[in-house]
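Below is one structure; the comments refer to it alone.
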Amino acid sequence: MKRLLTVICLFSLALQLSAQVKHVKHVVLIGCDGFGAYAVPGAKMPNLKHLMETGSWSLKARCVMPSSSADNWASMLMGAGITEHGYTEWNSKVPEIPSVTITKYGIFPSIFSVIRDQKPGAKTAAIYSWDGIAPLIEKDAIDMVIPGGDAGDDFCVDTAASVIKKQKPLFTFIHVSQPDGVGHNIGHRTPAYYEELQKVDARIGKIVQAVKDAGIENETIIMVTADHGGINKGHGGKSLDEIQIPWIINGAGVKKNHEIKDVIITYDTAATIAWIFGLKMPQSWRGKPVTDGFD
Ligand SMILES: [Zn+2]
């Protein structure tokens with residue numbers, strides 16, 4: 001009996017190490033451009049705060065340097081930093097440093113090709129409000145690529161809600177351009193910035209509702225994070241206001257009301273998603289799964 005128990009324990013440990021968070025069939029990643037972690041405590045964001053209270057979170061996650069957009073969206077989705085993928089600037093369309101490796105999809109491996117190659121039947125979706133995302137994703141590895149163009153964040157969120165309800169993708173990535181726009185035009189830490197965050201929160205609420213309406217709430221993990229924060233009317237520099245990003249995770253298998261103390265860098269996002277689904281990470285990745293967020 002004792003031996004049987006040991007075998008069972010070893011078996012369950014092995015399952016844990018290879019992850020596959022039990023019952024999770026969907027991950028929805030919401031990336032809010034220019035959403036500094038500094039703003040969370042003072043922001044009126046009931047939907048986001050509910051995700052925190054009923055999930056796990058860190059307000060000390062960090063972007064990669066420079067604290068700019070394209071290099072960080074690449075890092076978040078590609079599980080590695082700029083030294084590896086080579087996208088170094090706010091609007092990089094091709095890597096300024098040649099990527100250390102590229103896949104058959106033509107660019108550095110991202111979570112999309114990791115899913116496509118290891119779960120070929122799984123549906124994935126990328127819906128984005130900034131066209132700078134387009135060169136950073138492997139279109140041929142994604143089922144639904146939907147650029148928002150000039151239609152903006154509400155279009156992207158409504159489209160994503162509809163995709164989640166109708167298609168129930170294994171992985172859905174939604175990029176929204178706010179609050180970055182207000183940060184640039186009016187400024188970070190301004191009343192207008194906090195006002196915009198209420199709209200960002202309403203959009204997050206729409207996605208949470210779509211997951212409920214799809215009937216997949218109990219088998220879905222929702223993640224909310226950002227590419228970078230900001231200071232005054234910009235970002236790209238070295239202040240913590242620019243570097244620290246929120247990292248919030250909620251859903252099946254995730255600890256509740258738990259502040260994650262582990263170090264989180266934005267490339268850990270892709271690594272965590274791969275780990276949730278029990279997928280092998282490419283050797284070129286540098287992210288680690290944020291296991292502290294899970295039961
Ligand atoms: Zn940005």
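Going through the structure tokens in order, the chains are called A, B, and so on, while each chain numbers its residues from 1 and the ligands are numbered from 1 in the order shown.
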Can you pull out every residue from stretch 208-261 of chain A that DSSP, working from the backbone, puts in helix (DSSP H, G or I), and format the result as a ChimeraX atom specification? /A:208-213,217-219,240-243
Write out as a ChimeraX atom specification which residues come within 9 Å of A:Asp201 when counting only C-alpha atoms, dropping same-chain ones fewer than 2 positions away. /A:44-48,196-199,203-206
Taking only residues of chain A that have an atom at most 8 Å from an atom of ligand 1, what is each one's shortest atom pair and its distance in Å to one decimal, using only C-alpha atoms and all ligand atoms, in chain and number order, as a Markdown table?
| residue | atom | partner | partner_atom_place_in_ligand_line | distance |
| --- | --- | --- | --- | --- |
| A:Asp33 | CA | ligand 1 | 1 (Zn) | 4.5 |
| A:Gly34 | CA | ligand 1 | 1 (Zn) | 5.0 |
| A:Ser68 | CA | ligand 1 | 1 (Zn) | 5.6 |
| A:Ser69 | CA | ligand 1 | 1 (Zn) | 3.5 |
| A:Ala70 | CA | ligand 1 | 1 (Zn) | 7.0 |
| A:Asn72 | CA | ligand 1 | 1 (Zn) | 7.7 |
| A:Trp73 | CA | ligand 1 | 1 (Zn) | 7.9 |
| A:Trp90 | CA | ligand 1 | 1 (Zn) | 7.3 |
| A:Ser177 | CA | ligand 1 | 1 (Zn) | 7.6 |
| A:Asp180 | CA | ligand 1 | 1 (Zn) | 6.3 |
| A:Ala226 | CA | ligand 1 | 1 (Zn) | 7.8 |
| A:Asp227 | CA | ligand 1 | 1 (Zn) | 5.5 |
| A:His228 | CA | ligand 1 | 1 (Zn) | 6.0 |
| A:Gly229 | CA | ligand 1 | 1 (Zn) | 7.9 |
Residue neighbourhood A:Ile222, 7 Å, only C-alpha atoms, exclusion window fewer than 3 positions, as a ChimeraX atom specification: /A:27-29,249-251
I want to know what sits within 7 Å of stretch 105-119 of chain A, based on only C-alpha atoms, with residues of the same chain fewer than 6 positions away left out; could you give that as a list in words?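 Answer for this query is Leu77, Met78, Gly79, His85, Ser99, Glu138, Asp140, Ala141, Ile142, Ala270, Ala274 and Leu279 of chain A.
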Would you write out those residues with N, CA, C and O atoms, as a compact mmCIF listing (two decimals), in the first residue's frame?
# COMPACT_ATOMS: atom_id res chain seq x y z
N LEU A 77 4.68 37.75 -25.90
CA LEU A 77 4.14 36.65 -26.70
C LEU A 77 5.21 35.64 -27.10
O LEU A 77 4.90 34.48 -27.37
N MET A 78 6.47 36.08 -27.10
CA MET A 78 7.55 35.22 -27.60
C MET A 78 8.36 34.56 -26.49
O MET A 78 9.35 33.86 -26.76
N GLY A 79 8.00 34.82 -25.25
CA GLY A 79 8.63 34.09 -24.14
C GLY A 79 10.12 34.34 -23.97
O GLY A 79 10.81 33.55 -23.34
N HIS A 85 14.88 37.66 -29.29
CA HIS A 85 14.02 37.85 -30.47
C HIS A 85 14.48 39.01 -31.35
O HIS A 85 14.20 39.03 -32.54
N SER A 99 16.96 37.63 -35.06
CA SER A 99 16.51 36.70 -34.02
C SER A 99 17.48 35.52 -33.94
O SER A 99 18.01 35.09 -34.97
N GLU A 138 2.66 35.35 -35.64
CA GLU A 138 2.82 34.38 -36.73
C GLU A 138 1.45 34.08 -37.34
O GLU A 138 0.77 33.15 -36.94
N ASP A 140 0.32 32.71 -39.93
CA ASP A 140 0.01 31.37 -40.43
C ASP A 140 -0.16 30.33 -39.33
O ASP A 140 -0.53 29.19 -39.59
N ALA A 141 0.13 30.72 -38.10
CA ALA A 141 -0.04 29.79 -36.99
C ALA A 141 -1.30 30.12 -36.18
O ALA A 141 -1.56 29.50 -35.15
N ILE A 142 -2.06 31.12 -36.65
CA ILE A 142 -3.22 31.62 -35.88
C ILE A 142 -4.48 31.47 -36.74
O ILE A 142 -4.47 31.80 -37.93
N ALA A 270 4.13 34.22 -21.73
CA ALA A 270 4.05 33.12 -22.71
C ALA A 270 4.42 31.79 -22.07
O ALA A 270 3.78 30.76 -22.31
N ALA A 274 2.09 28.40 -21.90
CA ALA A 274 2.56 27.09 -22.38
C ALA A 274 2.45 26.06 -21.25
O ALA A 274 1.98 24.94 -21.45
N LEU A 279 2.48 22.41 -22.57
CA LEU A 279 3.25 22.43 -23.82
C LEU A 279 4.73 22.65 -23.55
O LEU A 279 5.10 23.36 -22.61
If we count only C-alpha atoms, what is near A:Ala271 at a cut-off of 6 Å, once residues fewer than 6 positions away on the same chain are taken out, given as a ChimeraX atom specification? /A:79,287-289
As a list in words, please: every residue in stretch 17-149 of chain A that a backbone DSSP assignment puts in strand (DSSP E).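 Matching residues, listed in order: His26, Val27, Val28, Leu29, Ile30, Gly31, Cys32, Ser56, Trp57, Ser58, Leu59, Lys60, Ala61, Arg62, Thr124, Ala125, Ala126, Ile127, Tyr128, Met144, Val145, Ile146 and Pro147 of chain A.
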Close residues, A:Gly183 itself excluded, 10 Å, only C-alpha atoms, min 5 positions apart in chain, as an MDAnalysis selection string: chainID A and resid 33:36 178 188:190 192:194 196 229:235
For atom CA of A:Ile248 and atom CA of A:Ala61, the interatomic separation in Å (one decimal):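 Calculated distance between atom CA of A:Ile248 and atom CA of A:Ala61 is 9.7 Å.
Shortest separation to A:Pro66 among A:Val208, A:Ile276, A:Ile82, A:Leu51 occurs at residue A:Ile82, atoms counted being only C-alpha atoms.
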Choose the residue, out of A:Ser67, A:Ser284, A:Thr101, A:Thr124, that has the smallest atom-to-atom separation from A:Thr88; count only C-alpha atoms. A:Ser67
Could you tell me how far atom CA of A:Lys168 lies from atom CA of A:Trp247, in Å and to one decimal? 23.1 Å
Pick out the closest residue to A:Lys60 from this set: A:Pro246, A:Gly86, A:Gly42, A:Pro191. Count only C-alpha atoms.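 Among the listed residues, the smallest separation from A:Lys60 belongs to A:Pro246.
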Report, in Å with one decimal, the straight-line distance from atom CA of A:Met223 to atom CA of A:Lys256. 13.6 Å
If you count only C-alpha atoms, which residues fall within 10 Å of stretch 146-158 of chain A, apart from same-chain ones fewer than 6 positions away, as a PyMOL selection string? chain A and resi 30+32+125-134+164+174-178+199-200+202-207+210
From the options A:Gly253, A:Pro179, A:Pro98, A:Gly55, which residue's atoms come nearest to A:Asn218, counting only C-alpha atoms?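 Between A:Gly253, A:Pro179, A:Pro98, A:Gly55, the residue approaching A:Asn218 most closely is A:Gly253.
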